[in-house]
$ cat upload-v3.cif   # mmCIF, C-alpha atoms
data_coords
#
loop_
_atom_site.label_atom_id
_atom_site.label_comp_id
_atom_site.auth_asym_id
_atom_site.auth_seq_id
_atom_site.Cartn_x
_atom_site.Cartn_y
_atom_site.Cartn_z
CA MET L 1 -13.02 -1.37 -12.71
CA SER L 2 -13.50 -3.20 -15.98
CA GLN L 3 -16.50 -5.51 -15.79
CA ALA L 4 -14.73 -7.89 -18.16
CA ASP L 5 -11.81 -8.23 -15.70
CA LEU L 6 -14.18 -8.74 -12.80
CA ASP L 7 -16.06 -11.47 -14.68
CA VAL L 8 -12.83 -13.32 -15.42
CA ILE L 9 -11.69 -13.00 -11.81
CA ARG L 10 -15.01 -14.46 -10.58
CA ARG L 11 -14.67 -17.37 -12.99
CA VAL L 12 -11.14 -18.12 -11.80
CA LEU L 13 -12.21 -17.93 -8.15
CA ALA L 14 -15.16 -20.20 -8.89
CA GLY L 15 -12.69 -22.88 -9.96
CA GLU L 16 -12.36 -22.17 -13.69
CA THR L 17 -8.63 -21.52 -13.31
CA ASP L 18 -7.96 -21.72 -17.06
CA ALA L 19 -9.77 -18.39 -17.41
CA PHE L 20 -6.71 -16.73 -15.89
CA ASP L 21 -5.17 -17.04 -19.36
CA LEU L 22 -7.54 -14.27 -20.50
CA LEU L 23 -6.04 -11.87 -17.97
CA VAL L 24 -2.52 -12.84 -19.00
CA ARG L 25 -3.34 -12.23 -22.68
CA ARG L 26 -5.01 -8.92 -21.85
CA TYR L 27 -2.17 -7.48 -19.76
CA GLN L 28 1.04 -9.27 -20.72
CA GLN L 29 2.29 -6.57 -23.09
CA THR L 30 1.41 -3.69 -20.77
CA ILE L 31 3.09 -5.32 -17.79
CA PHE L 32 6.13 -6.36 -19.81
CA ARG L 33 6.54 -2.80 -21.15
CA LEU L 34 6.38 -1.52 -17.60
CA THR L 35 9.00 -3.95 -16.30
CA TYR L 36 11.16 -3.35 -19.35
CA ARG L 37 11.07 0.44 -18.87
CA MET L 38 12.10 -0.10 -15.29
CA THR L 39 14.88 -2.61 -15.89
CA LYS L 40 15.95 -1.96 -19.50
CA ASN L 41 16.78 -5.63 -19.77
CA VAL L 42 14.57 -8.05 -21.71
CA GLU L 43 15.29 -11.16 -19.63
CA ASP L 44 14.83 -9.39 -16.28
CA ALA L 45 11.70 -7.67 -17.57
CA ARG L 46 10.24 -11.00 -18.79
CA ASP L 47 10.96 -12.75 -15.47
CA LEU L 48 9.54 -9.89 -13.41
CA ALA L 49 6.40 -9.67 -15.56
CA GLN L 50 5.84 -13.43 -15.25
CA ASP L 51 6.40 -13.21 -11.47
CA ALA L 52 3.81 -10.43 -11.33
CA PHE L 53 1.17 -12.64 -12.96
CA VAL L 54 1.95 -15.59 -10.69
CA GLN L 55 1.76 -13.38 -7.60
CA ALA L 56 -1.50 -11.89 -8.83
CA TYR L 57 -2.92 -15.41 -9.30
CA ARG L 58 -1.91 -16.40 -5.76
CA ALA L 59 -3.48 -13.27 -4.28
CA LEU L 60 -6.56 -13.17 -6.51
CA GLY L 61 -8.81 -14.24 -3.61
CA SER L 62 -7.84 -11.15 -1.66
CA PHE L 63 -8.44 -8.77 -4.58
CA GLN L 64 -11.25 -6.56 -3.29
CA GLY L 65 -11.90 -4.45 -6.36
CA HIS L 66 -11.46 -1.08 -4.66
CA ALA L 67 -8.93 -0.22 -7.38
CA SER L 68 -9.09 -1.57 -10.91
CA PHE L 69 -7.45 -4.91 -11.62
CA SER L 70 -4.88 -3.19 -13.85
CA THR L 71 -3.88 -0.77 -11.07
CA TRP L 72 -3.58 -3.72 -8.69
CA LEU L 73 -1.46 -5.63 -11.20
CA TYR L 74 0.72 -2.55 -11.85
CA ARG L 75 1.31 -2.31 -8.11
CA ILE L 76 2.46 -5.93 -7.91
CA ALA L 77 4.74 -5.52 -10.94
CA MET L 78 6.13 -2.20 -9.76
CA ASN L 79 6.92 -3.57 -6.29
CA LEU L 80 8.77 -6.45 -7.92
CA CYS L 81 10.72 -4.00 -10.09
CA LEU L 82 11.64 -1.74 -7.19
CA ASN L 83 12.77 -4.73 -5.12
CA HIS L 84 14.76 -5.99 -8.09
CA LEU L 85 16.47 -2.62 -8.54
CA LYS L 86 17.20 -2.42 -4.84
CA ALA L 87 18.71 -5.91 -4.83
CA ALA L 88 20.71 -5.37 -8.01
CA GLY L 89 21.96 -1.91 -7.09
CA ARG L 90 21.91 0.81 -9.65
CA GLU L 91 22.97 -0.57 -12.96
CA ASP L 92 25.73 0.91 -15.05
CA PRO L 93 24.01 3.06 -17.67
CA ALA L 94 26.75 2.09 -20.11
CA GLU L 95 25.44 -1.49 -20.00
CA ILE L 96 21.88 -0.58 -20.80
CA ASP L 97 20.77 -2.21 -23.99
CA GLY L 98 19.27 0.31 -26.32
CA ARG L 99 18.00 -0.79 -29.67
CA LEU L 100 18.86 1.53 -32.46
CA GLY L 101 16.01 3.72 -33.55
CA ASP L 102 14.02 2.92 -36.65
CA GLU L 103 16.19 3.48 -39.65
CA GLY L 104 15.15 6.67 -41.41
CA PRO L 105 15.89 7.71 -44.96
CA ASP L 106 18.95 9.51 -43.74
CA ALA L 107 21.53 7.29 -42.00
CA LEU L 108 23.02 10.22 -40.11
CA GLU L 109 19.62 11.24 -38.83
CA ALA L 110 18.92 7.66 -37.70
CA LEU L 111 22.26 7.55 -35.92
CA GLU L 112 21.50 10.82 -34.14
CA ALA L 113 18.08 9.58 -33.10
CA ALA L 114 19.62 6.38 -31.79
CA GLU L 115 22.24 8.30 -29.81
CA ARG L 116 19.58 10.56 -28.39
CA ASP L 117 17.44 7.56 -27.36
CA ARG L 118 20.47 5.93 -25.78
CA ALA L 119 21.27 9.11 -23.82
CA LEU L 120 17.66 9.42 -22.74
CA SER L 121 17.50 5.76 -21.66
CA ALA L 122 20.70 6.22 -19.69
CA ALA L 123 19.31 9.35 -18.05
CA ILE L 124 16.10 7.50 -17.11
CA ALA L 125 18.13 4.62 -15.70
CA GLU L 126 20.02 7.07 -13.49
CA LEU L 127 16.83 8.43 -11.95
CA PRO L 128 16.02 7.30 -8.40
CA PRO L 129 13.69 4.26 -8.64
CA GLN L 130 10.58 6.07 -7.36
CA GLN L 131 11.05 8.89 -9.89
CA ARG L 132 11.67 6.41 -12.68
CA ALA L 133 8.56 4.47 -11.69
CA THR L 134 6.47 7.63 -11.66
CA LEU L 135 7.77 8.74 -15.06
CA VAL L 136 7.10 5.35 -16.65
CA LEU L 137 3.61 5.10 -15.18
CA ARG L 138 2.69 8.65 -16.21
CA VAL L 139 4.23 8.99 -19.65
CA GLN L 140 4.35 5.46 -20.97
CA GLN L 141 1.35 3.93 -19.24
CA GLY L 142 -0.74 7.12 -19.18
CA LEU L 143 -1.84 6.78 -15.54
CA SER L 144 -3.22 9.76 -13.65
CA HIS L 145 -1.31 11.07 -10.63
CA ARG L 146 -3.97 9.58 -8.39
CA ALA L 147 -3.59 6.14 -9.99
CA ILE L 148 0.20 6.41 -9.73
CA ALA L 149 -0.17 7.20 -6.03
CA GLU L 150 -2.30 4.06 -5.67
CA VAL L 151 0.23 1.90 -7.51
CA LEU L 152 3.23 3.23 -5.62
CA GLU L 153 1.31 3.55 -2.35
CA CYS L 154 2.29 7.15 -1.76
CA ALA L 155 0.53 10.51 -1.52
CA GLU L 156 -0.70 12.07 -4.75
CA GLY L 157 1.47 15.12 -4.01
CA THR L 158 4.53 12.88 -3.71
CA ALA L 159 3.75 11.28 -7.06
CA LYS L 160 3.44 14.72 -8.68
CA ALA L 161 6.67 15.94 -7.11
CA ASN L 162 8.57 12.82 -8.21
CA TYR L 163 7.26 13.25 -11.74
CA SER L 164 8.28 16.90 -11.84
CA HIS L 165 11.80 16.11 -10.53
CA ALA L 166 12.19 13.33 -13.07
CA VAL L 167 11.23 15.50 -16.04
CA ARG L 168 13.48 18.35 -14.90
CA THR L 169 16.42 15.99 -14.50
CA LEU L 170 15.87 14.57 -17.99
CA GLN L 171 15.54 18.05 -19.42
CA THR L 172 18.91 19.01 -17.93
CA LYS L 173 20.55 15.79 -19.14
CA LEU L 174 19.23 16.23 -22.67
CA ARG L 175 20.44 19.81 -22.73
CA GLN L 176 23.91 18.55 -21.76
CA PHE L 177 23.71 15.90 -24.46
CA ARG L 178 22.96 18.52 -27.10
CA GLY L 179 25.59 20.49 -25.73
CA MET X 1 0.04 38.99 -16.96
CA MET X 2 1.34 36.21 -14.73
CA PRO X 3 5.08 36.27 -13.92
CA CYS X 4 7.28 33.83 -15.86
CA ASP X 5 8.26 31.92 -12.68
CA GLU X 6 4.67 31.01 -11.96
CA ILE X 7 4.07 30.03 -15.55
CA ARG X 8 7.13 27.76 -15.64
CA GLU X 9 5.95 26.01 -12.47
CA GLN X 10 2.93 24.85 -14.44
CA LEU X 11 4.51 24.02 -17.77
CA LEU X 12 4.73 20.31 -17.01
CA ASP X 13 1.02 20.11 -16.20
CA TYR X 14 0.36 22.19 -19.32
CA ALA X 15 2.37 19.85 -21.54
CA ASP X 16 0.79 16.89 -19.77
CA GLY X 17 -2.72 18.13 -20.45
CA THR X 18 -3.75 17.97 -16.80
CA LEU X 19 -4.55 21.66 -16.29
CA ALA X 20 -8.08 23.02 -16.03
CA THR X 21 -9.35 24.92 -19.08
CA ASP X 22 -9.04 28.36 -17.43
CA ALA X 23 -5.44 27.82 -16.32
CA ARG X 24 -4.62 26.35 -19.70
CA GLY X 25 -5.95 29.42 -21.46
CA LEU X 26 -3.98 31.68 -19.14
CA ILE X 27 -0.73 29.87 -19.92
CA ALA X 28 -1.44 29.74 -23.66
CA ARG X 29 -1.91 33.53 -23.68
CA HIS X 30 1.32 34.01 -21.73
CA LEU X 31 3.26 31.73 -24.11
CA ALA X 32 1.97 33.65 -27.12
CA GLY X 33 3.70 36.77 -25.85
CA CYS X 34 6.79 35.30 -24.12
CA PRO X 35 9.44 33.63 -26.34
CA GLU X 36 11.53 32.40 -23.36
CA CYS X 37 8.66 30.58 -21.67
CA ARG X 38 7.64 29.25 -25.10
CA ARG X 39 11.13 27.73 -25.50
CA GLU X 40 10.89 26.23 -22.02
CA ALA X 41 7.46 24.77 -22.79
CA ALA X 42 8.82 23.23 -25.99
CA ALA X 43 11.72 21.66 -24.07
CA VAL X 44 9.35 20.07 -21.53
CA SER X 45 7.12 18.71 -24.30
CA ALA X 46 10.17 17.34 -26.12
CA VAL X 47 11.24 15.34 -23.05
CA LEU X 48 7.78 13.83 -22.67
CA ASP X 49 7.52 13.05 -26.38
CA ARG X 50 10.92 11.39 -26.42
CA VAL X 51 10.25 9.29 -23.33
CA LEU X 52 6.98 8.22 -24.90
CA ALA X 53 8.67 7.42 -28.19
CA LEU X 54 11.47 5.30 -26.73
CA PRO X 55 11.58 2.14 -28.81
CA ASP X 56 10.39 -1.17 -27.43
CA PRO X 57 12.96 -3.96 -27.46
CA ALA X 58 13.17 -6.33 -30.40
CA LEU X 59 11.56 -9.59 -29.32
CA PRO X 60 11.69 -13.05 -30.92
CA ASP X 61 8.55 -14.13 -32.83
CA ASN X 62 7.46 -16.69 -30.25
CA PHE X 63 8.18 -14.43 -27.27
CA TRP X 64 4.57 -13.93 -26.16
CA GLU X 65 3.64 -17.56 -26.72
CA GLN X 66 6.50 -18.68 -24.50
CA PHE X 67 5.80 -15.94 -22.01
CA ARG X 68 2.20 -17.07 -21.55
CA ALA X 69 3.10 -20.76 -21.53
CA THR X 70 5.57 -20.17 -18.69
CA VAL X 71 3.05 -18.17 -16.66
CA LEU X 72 0.31 -20.77 -17.14
CA ARG X 73 2.66 -23.65 -16.28
CA ARG X 74 3.72 -21.90 -13.06
CA VAL X 75 0.14 -20.99 -12.22
CA ALA X 76 -1.00 -24.62 -12.76
CA ALA X 77 1.48 -25.69 -10.07
CA GLU X 78 -0.18 -23.36 -7.57
CA SER X 79 -3.24 -24.22 -5.49
CA PRO X 80 -6.36 -22.66 -6.99
CA PRO X 81 -7.10 -19.23 -5.50
CA ARG X 82 -10.17 -19.03 -3.30
CA GLU X 83 -12.30 -16.01 -2.68
CA GLY X 84 -11.52 -14.57 0.77
CA VAL X 85 -14.25 -14.51 3.42
CA TRP X 86 -14.33 -10.73 3.37
CA THR X 87 -14.67 -10.59 -0.40
CA ARG X 88 -17.55 -13.11 -0.24
CA LEU X 89 -19.32 -11.05 2.40
CA ARG X 90 -18.82 -7.93 0.33
CA ALA X 91 -20.23 -9.60 -2.77
CA ARG X 92 -23.30 -10.71 -0.80
CA PHE X 93 -23.99 -7.67 1.36
CA GLY X 94 -22.34 -4.82 -0.54
CA ASP X 95 -19.44 -2.60 0.39
CA PHE X 96 -19.90 -1.98 4.11
CA SER X 97 -16.57 -0.21 4.30
CA VAL X 98 -17.03 0.82 7.95
CA LEU X 99 -16.56 -2.82 8.86
CA ARG X 100 -13.43 -3.38 6.87
CA PRO X 101 -10.94 -5.74 8.54
CA VAL X 102 -8.28 -3.10 9.06
CA PRO X 103 -10.39 -0.86 11.34
CA ALA X 104 -11.69 -3.97 13.12
CA ILE X 105 -8.13 -5.09 13.77
CA GLY X 106 -7.33 -1.58 15.02
CA VAL X 107 -10.26 -1.67 17.44
CA ALA X 108 -9.23 -5.14 18.65
CA CYS X 109 -5.65 -3.90 19.21
CA ALA X 110 -6.91 -0.86 21.16
CA LEU X 111 -9.09 -3.09 23.38
CA GLY X 112 -6.18 -5.46 23.94
CA LEU X 113 -3.94 -2.55 24.88
CA MET X 114 -6.52 -1.18 27.33
CA LEU X 115 -6.82 -4.64 28.93
CA ALA X 116 -3.05 -4.94 29.22
CA ILE X 117 -2.76 -1.49 30.84
CA GLY X 118 -5.61 -2.40 33.21
CA LEU X 119 -3.86 -5.60 34.24
CA MET X 120 -0.58 -3.78 34.76
CA HIS X 121 -2.25 -1.30 37.14
CA ALA X 122 -4.46 -3.87 38.94
CA PRO X 123 -3.25 -4.85 42.49
CA HIS X 124 -0.81 -7.70 42.44
CA ARG X 125 -1.89 -10.97 44.07
CA ARG X 126 0.65 -10.44 46.89
CA ASP X 127 -0.89 -6.99 47.57
CA VAL X 128 -4.33 -8.56 47.76
CA VAL X 129 -3.10 -11.10 50.35
CA GLN X 130 -1.59 -8.28 52.42
CA ILE X 131 -4.87 -6.34 52.36
CA GLU X 132 -6.75 -9.47 53.47
CA MET X 133 -4.28 -9.96 56.34
CA LEU X 134 -4.80 -6.35 57.51
CA ALA X 135 -8.58 -6.90 57.55
CA MET X 136 -8.07 -10.07 59.59
CA ALA X 137 -5.94 -8.15 62.11
CA ASP X 138 -9.04 -6.07 63.01
CA SER X 139 -10.91 -9.27 63.86
CA LEU X 140 -8.09 -10.65 66.00
CA PRO X 141 -9.31 -9.35 69.45
CA ILE X 142 -12.72 -10.90 68.82
CA ALA X 143 -11.12 -14.18 67.85
CA GLN X 144 -9.10 -14.13 71.08
CA ASN X 145 -12.29 -13.80 73.13
CA LEU X 146 -13.75 -17.00 71.79
CA ASP X 147 -16.22 -17.55 74.57
CA VAL X 148 -18.16 -14.50 73.33
CA LEU X 149 -18.21 -15.98 69.85
CA GLU X 150 -19.33 -19.33 71.18
CA ARG X 151 -22.31 -17.64 72.81
CA PHE X 152 -22.97 -15.33 69.88
CA GLU X 153 -26.30 -16.98 69.11
CA LEU X 154 -27.51 -16.30 72.63
CA LEU X 155 -26.41 -12.65 72.49
CA GLU X 156 -27.92 -12.17 69.09
CA ASN X 157 -31.36 -13.20 70.36
CA LEU X 158 -31.34 -10.63 73.15
CA ASP X 159 -32.99 -7.26 72.87
CA LEU X 160 -30.62 -5.38 75.14
CA LEU X 161 -33.04 -2.70 76.30
CA GLU X 162 -36.01 -4.94 76.84
CA ASP X 163 -34.00 -7.75 78.41
CA LEU X 164 -31.83 -5.62 80.67
CA PRO X 165 -33.28 -7.16 83.77
CA ALA X 166 -32.66 -10.62 82.38
CA LEU X 167 -29.02 -9.71 81.69
CA ARG X 168 -28.59 -8.65 85.22
CA SER X 169 -30.15 -11.85 86.54
CA PRO X 170 -27.77 -14.33 88.20
CA ASP X 171 -29.10 -17.03 85.91
CA PHE X 172 -27.85 -15.21 82.79
CA ARG X 173 -24.46 -14.53 84.33
CA LEU X 174 -24.24 -18.21 85.11
CA ARG X 175 -25.10 -19.14 81.51
CA MET X 176 -22.44 -16.79 80.22
CA GLY X 177 -19.91 -18.49 82.47
CA ARG X 178 -19.27 -15.38 84.52
CA SER X 179 -19.83 -15.20 88.18
#
$ encode --input "upload-v3.cif" --output "structure tokens"
Amino acid sequence: MSQADLDVIRRVLAGETDAFDLLVRRYQQTIFRLTYRMTKNVEDARDLAQDAFVQAYRALGSFQGHASFSTWLYRIAMNLCLNHLKAAGREDPAEIDGRLGDEGPDALEALEAAERDRALSAAIAELPPQQRATLVLRVQQGLSHRAIAEVLECAEGTAKANYSHAVRTLQTKLRQFRG
Amino acid sequence: MMPCDEIREQLLDYADGTLATDARGLIARHLAGCPECRREAAAVSAVLDRVLALPDPALPDNFWEQFRATVLRRVAAESPPREGVWTRLRARFGDFSVLRPVPAIGVACALGLMLAIGLMHAPHRRDVVQIEMLAMADSLPIAQNLDVLERFELLENLDLLEDLPALRSPDFRLRMGRS
């Protein structure tokens, strides 16, 4: 694990609790992106990311360093997201907020890109939570299958299978979108 | 040349960059000569690229400042985290993973279970009393002939073979209370 993270954790545990701010600064964007990809809602994503940091602070004394701090933090955030999705039920893809893509020189092209992003976001939102989690962790966070298995507490083979199912489903959906 | 089915099974790993060099070369050679698999490979890559390129949400300027302030305020209301005993031991003596708490708890549970099974199969207190009563029943005839017991000390001191004449003597019979 990162020595810098470990140093900060030791300082916090030694009583210098303000040092926790360094971990928040270091990981806030990564964790927020993760929760946002899972929920597709800014407010929910913000609340879940903040909850993840507070839970991590509470449990910092039990952090044993077998996995990296980031993997441990991902696990906390991902568990919160999965519980949130379970509690909320599957959201209506039509309600997913999707920002329009960056405006290109050609308005029609920008509109097409935006539509495609919206369709893709909707397709991701329709994936079963474990597949969605695997896809987000692999593609957007760049985690290895082994790290994903650690975060989601499943077998590496399961993580790979979930990833493969997710990509195939998206491929089919995009093909339908093109149509 | 590998069959297309086998190649397509590995296209996700190929697009993901997780294949070993040899397997990667094999697939690259196949794709060079197979337009259908090449199209399939392009479709898989397109999904991954698009998921990766999904836009982040538009956030207000002070979003991160407020985010961190909320986390730190909530964290300040918590009791400071303390290093767990196990983590302290690990830091001092190294990672003696054989003695991790989980296996220790498992061993303790197994011992507890063995003790419980032992107690379940041990004789019940009532059974023990019954056994003691049976043993006492053997001693009952002796107890009924109390005069023998009363003179037990005298009998004990006799060597029956050597003192046979003494036993037959009228004096001994008199001492035993028999005529």
$ resolve_selection --input "upload-v3.cif" --expression "the PyMOL selection byres ((chain L and resi 57) around 12)" --output "VMD selection string"
(chain L and resid 8 to 9 12 to 13 17 to 21 23 to 24 50 to 56 58 to 63 69 72 to 73 76) or (chain X and resid 71 to 72 74 to 83)
$ write_last_selection --input "upload-v3.cif" --atoms "C-alpha atoms" --output "compact mmCIF listing (two decimals), in the frame of the given file"
# COMPACT_ATOMS: atom_id res chain seq x y z
CA VAL L 8 -12.83 -13.32 -15.42
CA ILE L 9 -11.69 -13.00 -11.81
CA VAL L 12 -11.14 -18.12 -11.80
CA LEU L 13 -12.21 -17.93 -8.15
CA THR L 17 -8.63 -21.52 -13.31
CA ASP L 18 -7.96 -21.72 -17.06
CA ALA L 19 -9.77 -18.39 -17.41
CA PHE L 20 -6.71 -16.73 -15.89
CA ASP L 21 -5.17 -17.04 -19.36
CA LEU L 23 -6.04 -11.87 -17.97
CA VAL L 24 -2.52 -12.84 -19.00
CA GLN L 50 5.84 -13.43 -15.25
CA ASP L 51 6.40 -13.21 -11.47
CA ALA L 52 3.81 -10.43 -11.33
CA PHE L 53 1.17 -12.64 -12.96
CA VAL L 54 1.95 -15.59 -10.69
CA GLN L 55 1.76 -13.38 -7.60
CA ALA L 56 -1.50 -11.89 -8.83
CA ARG L 58 -1.91 -16.40 -5.76
CA ALA L 59 -3.48 -13.27 -4.28
CA LEU L 60 -6.56 -13.17 -6.51
CA GLY L 61 -8.81 -14.24 -3.61
CA SER L 62 -7.84 -11.15 -1.66
CA PHE L 63 -8.44 -8.77 -4.58
CA PHE L 69 -7.45 -4.91 -11.62
CA TRP L 72 -3.58 -3.72 -8.69
CA LEU L 73 -1.46 -5.63 -11.20
CA ILE L 76 2.46 -5.93 -7.91
CA VAL X 71 3.05 -18.17 -16.66
CA LEU X 72 0.31 -20.77 -17.14
CA ARG X 74 3.72 -21.90 -13.06
CA VAL X 75 0.14 -20.99 -12.22
CA ALA X 76 -1.00 -24.62 -12.76
CA ALA X 77 1.48 -25.69 -10.07
CA GLU X 78 -0.18 -23.36 -7.57
CA SER X 79 -3.24 -24.22 -5.49
CA PRO X 80 -6.36 -22.66 -6.99
CA PRO X 81 -7.10 -19.23 -5.50
CA ARG X 82 -10.17 -19.03 -3.30
CA GLU X 83 -12.30 -16.01 -2.68
$ residues_around --input "upload-v3.cif" --residues "region 21-25 of chain X" --least-positions-apart "6" --cutoff "12 Å" --atoms "all atoms listed in the file" --output "MDAnalysis selection string"
chainID X and resid 2 6:7 10:15 31:32
$ write_last_selection --input "upload-v3.cif" --atoms "C-alpha atoms" --output "compact mmCIF listing (two decimals), keeping the file's coordinate frame"
# COMPACT_ATOMS: atom_id res chain seq x y z
CA MET X 2 1.34 36.21 -14.73
CA GLU X 6 4.67 31.01 -11.96
CA ILE X 7 4.07 30.03 -15.55
CA GLN X 10 2.93 24.85 -14.44
CA LEU X 11 4.51 24.02 -17.77
CA LEU X 12 4.73 20.31 -17.01
CA ASP X 13 1.02 20.11 -16.20
CA TYR X 14 0.36 22.19 -19.32
CA ALA X 15 2.37 19.85 -21.54
CA LEU X 31 3.26 31.73 -24.11
CA ALA X 32 1.97 33.65 -27.12
$ closest_residue --input "upload-v3.cif" --among "L:Ala149, L:Leu85, L:Leu80, L:Ala113" --to "chain X" --atoms "all atoms listed in the file"
L:Ala113
$ residues_around --input "upload-v3.cif" --residues "region 121-134 of chain L" --least-positions-apart "4" --cutoff "9 Å" --atoms "only C-alpha atoms" --output "tab-separated table (two decimals) with C-alpha atoms, in the coordinates of the input"
chain	number	residue	atom	x	y	z
L	34	LEU	CA	6.38	-1.52	-17.60
L	37	ARG	CA	11.07	0.44	-18.87
L	38	MET	CA	12.10	-0.10	-15.29
L	39	THR	CA	14.88	-2.61	-15.89
L	40	LYS	CA	15.95	-1.96	-19.50
L	78	MET	CA	6.13	-2.20	-9.76
L	81	CYS	CA	10.72	-4.00	-10.09
L	82	LEU	CA	11.64	-1.74	-7.19
L	85	LEU	CA	16.47	-2.62	-8.54
L	86	LYS	CA	17.20	-2.42	-4.84
L	90	ARG	CA	21.91	0.81	-9.65
L	91	GLU	CA	22.97	-0.57	-12.96
L	92	ASP	CA	25.73	0.91	-15.05
L	93	PRO	CA	24.01	3.06	-17.67
L	94	ALA	CA	26.75	2.09	-20.11
L	96	ILE	CA	21.88	-0.58	-20.80
L	97	ASP	CA	20.77	-2.21	-23.99
L	98	GLY	CA	19.27	0.31	-26.32
L	116	ARG	CA	19.58	10.56	-28.39
L	117	ASP	CA	17.44	7.56	-27.36
L	138	ARG	CA	2.69	8.65	-16.21
L	139	VAL	CA	4.23	8.99	-19.65
L	145	HIS	CA	-1.31	11.07	-10.63
L	148	ILE	CA	0.20	6.41	-9.73
L	149	ALA	CA	-0.17	7.20	-6.03
L	152	LEU	CA	3.23	3.23	-5.62
L	159	ALA	CA	3.75	11.28	-7.06
L	160	LYS	CA	3.44	14.72	-8.68
L	161	ALA	CA	6.67	15.94	-7.11
L	162	ASN	CA	8.57	12.82	-8.21
L	163	TYR	CA	7.26	13.25	-11.74
L	164	SER	CA	8.28	16.90	-11.84
L	165	HIS	CA	11.80	16.11	-10.53
L	166	ALA	CA	12.19	13.33	-13.07
L	169	THR	CA	16.42	15.99	-14.50
L	170	LEU	CA	15.87	14.57	-17.99
L	173	LYS	CA	20.55	15.79	-19.14
L	174	LEU	CA	19.23	16.23	-22.67
X	51	VAL	CA	10.25	9.29	-23.33
X	54	LEU	CA	11.47	5.30	-26.73
$ atom_distance --input "upload-v3.cif" --atom1 "CA of Gly15 (chain L)" --atom2 "CA of Ala77 (chain L)"
24.6 Å
$ atom_distance --input "upload-v3.cif" --atom1 "CA of Asp56 (chain X)" --atom2 "CA of Ser68 (chain L)"
25.5 Å
$ closest_residue --input "upload-v3.cif" --among "L:Asp44, L:Glu156, L:Glu109, L:Glu16" --to "chain X" --atoms "only C-alpha atoms"
L:Glu16
$ closest_residue --input "upload-v3.cif" --among "X:Leu52, X:Ile117, X:Val44, X:Ala58" --to "Thr172 (chain L)" --atoms "all atoms listed in the file"
X:Val44
$ atom_distance --input "upload-v3.cif" --atom1 "CA of Thr18 (chain X)" --atom2 "CA of Gln140 (chain L)"
15.5 Å
$ closest_residue --input "upload-v3.cif" --among "L:Tyr27, L:Gln171, L:Glu115, L:Thr158" --to "chain X" --atoms "all atoms listed in the file"
L:Gln171
$ residues_around --input "upload-v3.cif" --residues "Trp64 (chain X)" --least-positions-apart "4" --cutoff "9 Å" --atoms "only C-alpha atoms" --output "number ranges by chain"
L: 25, 28-29; X: 59-60, 68-69
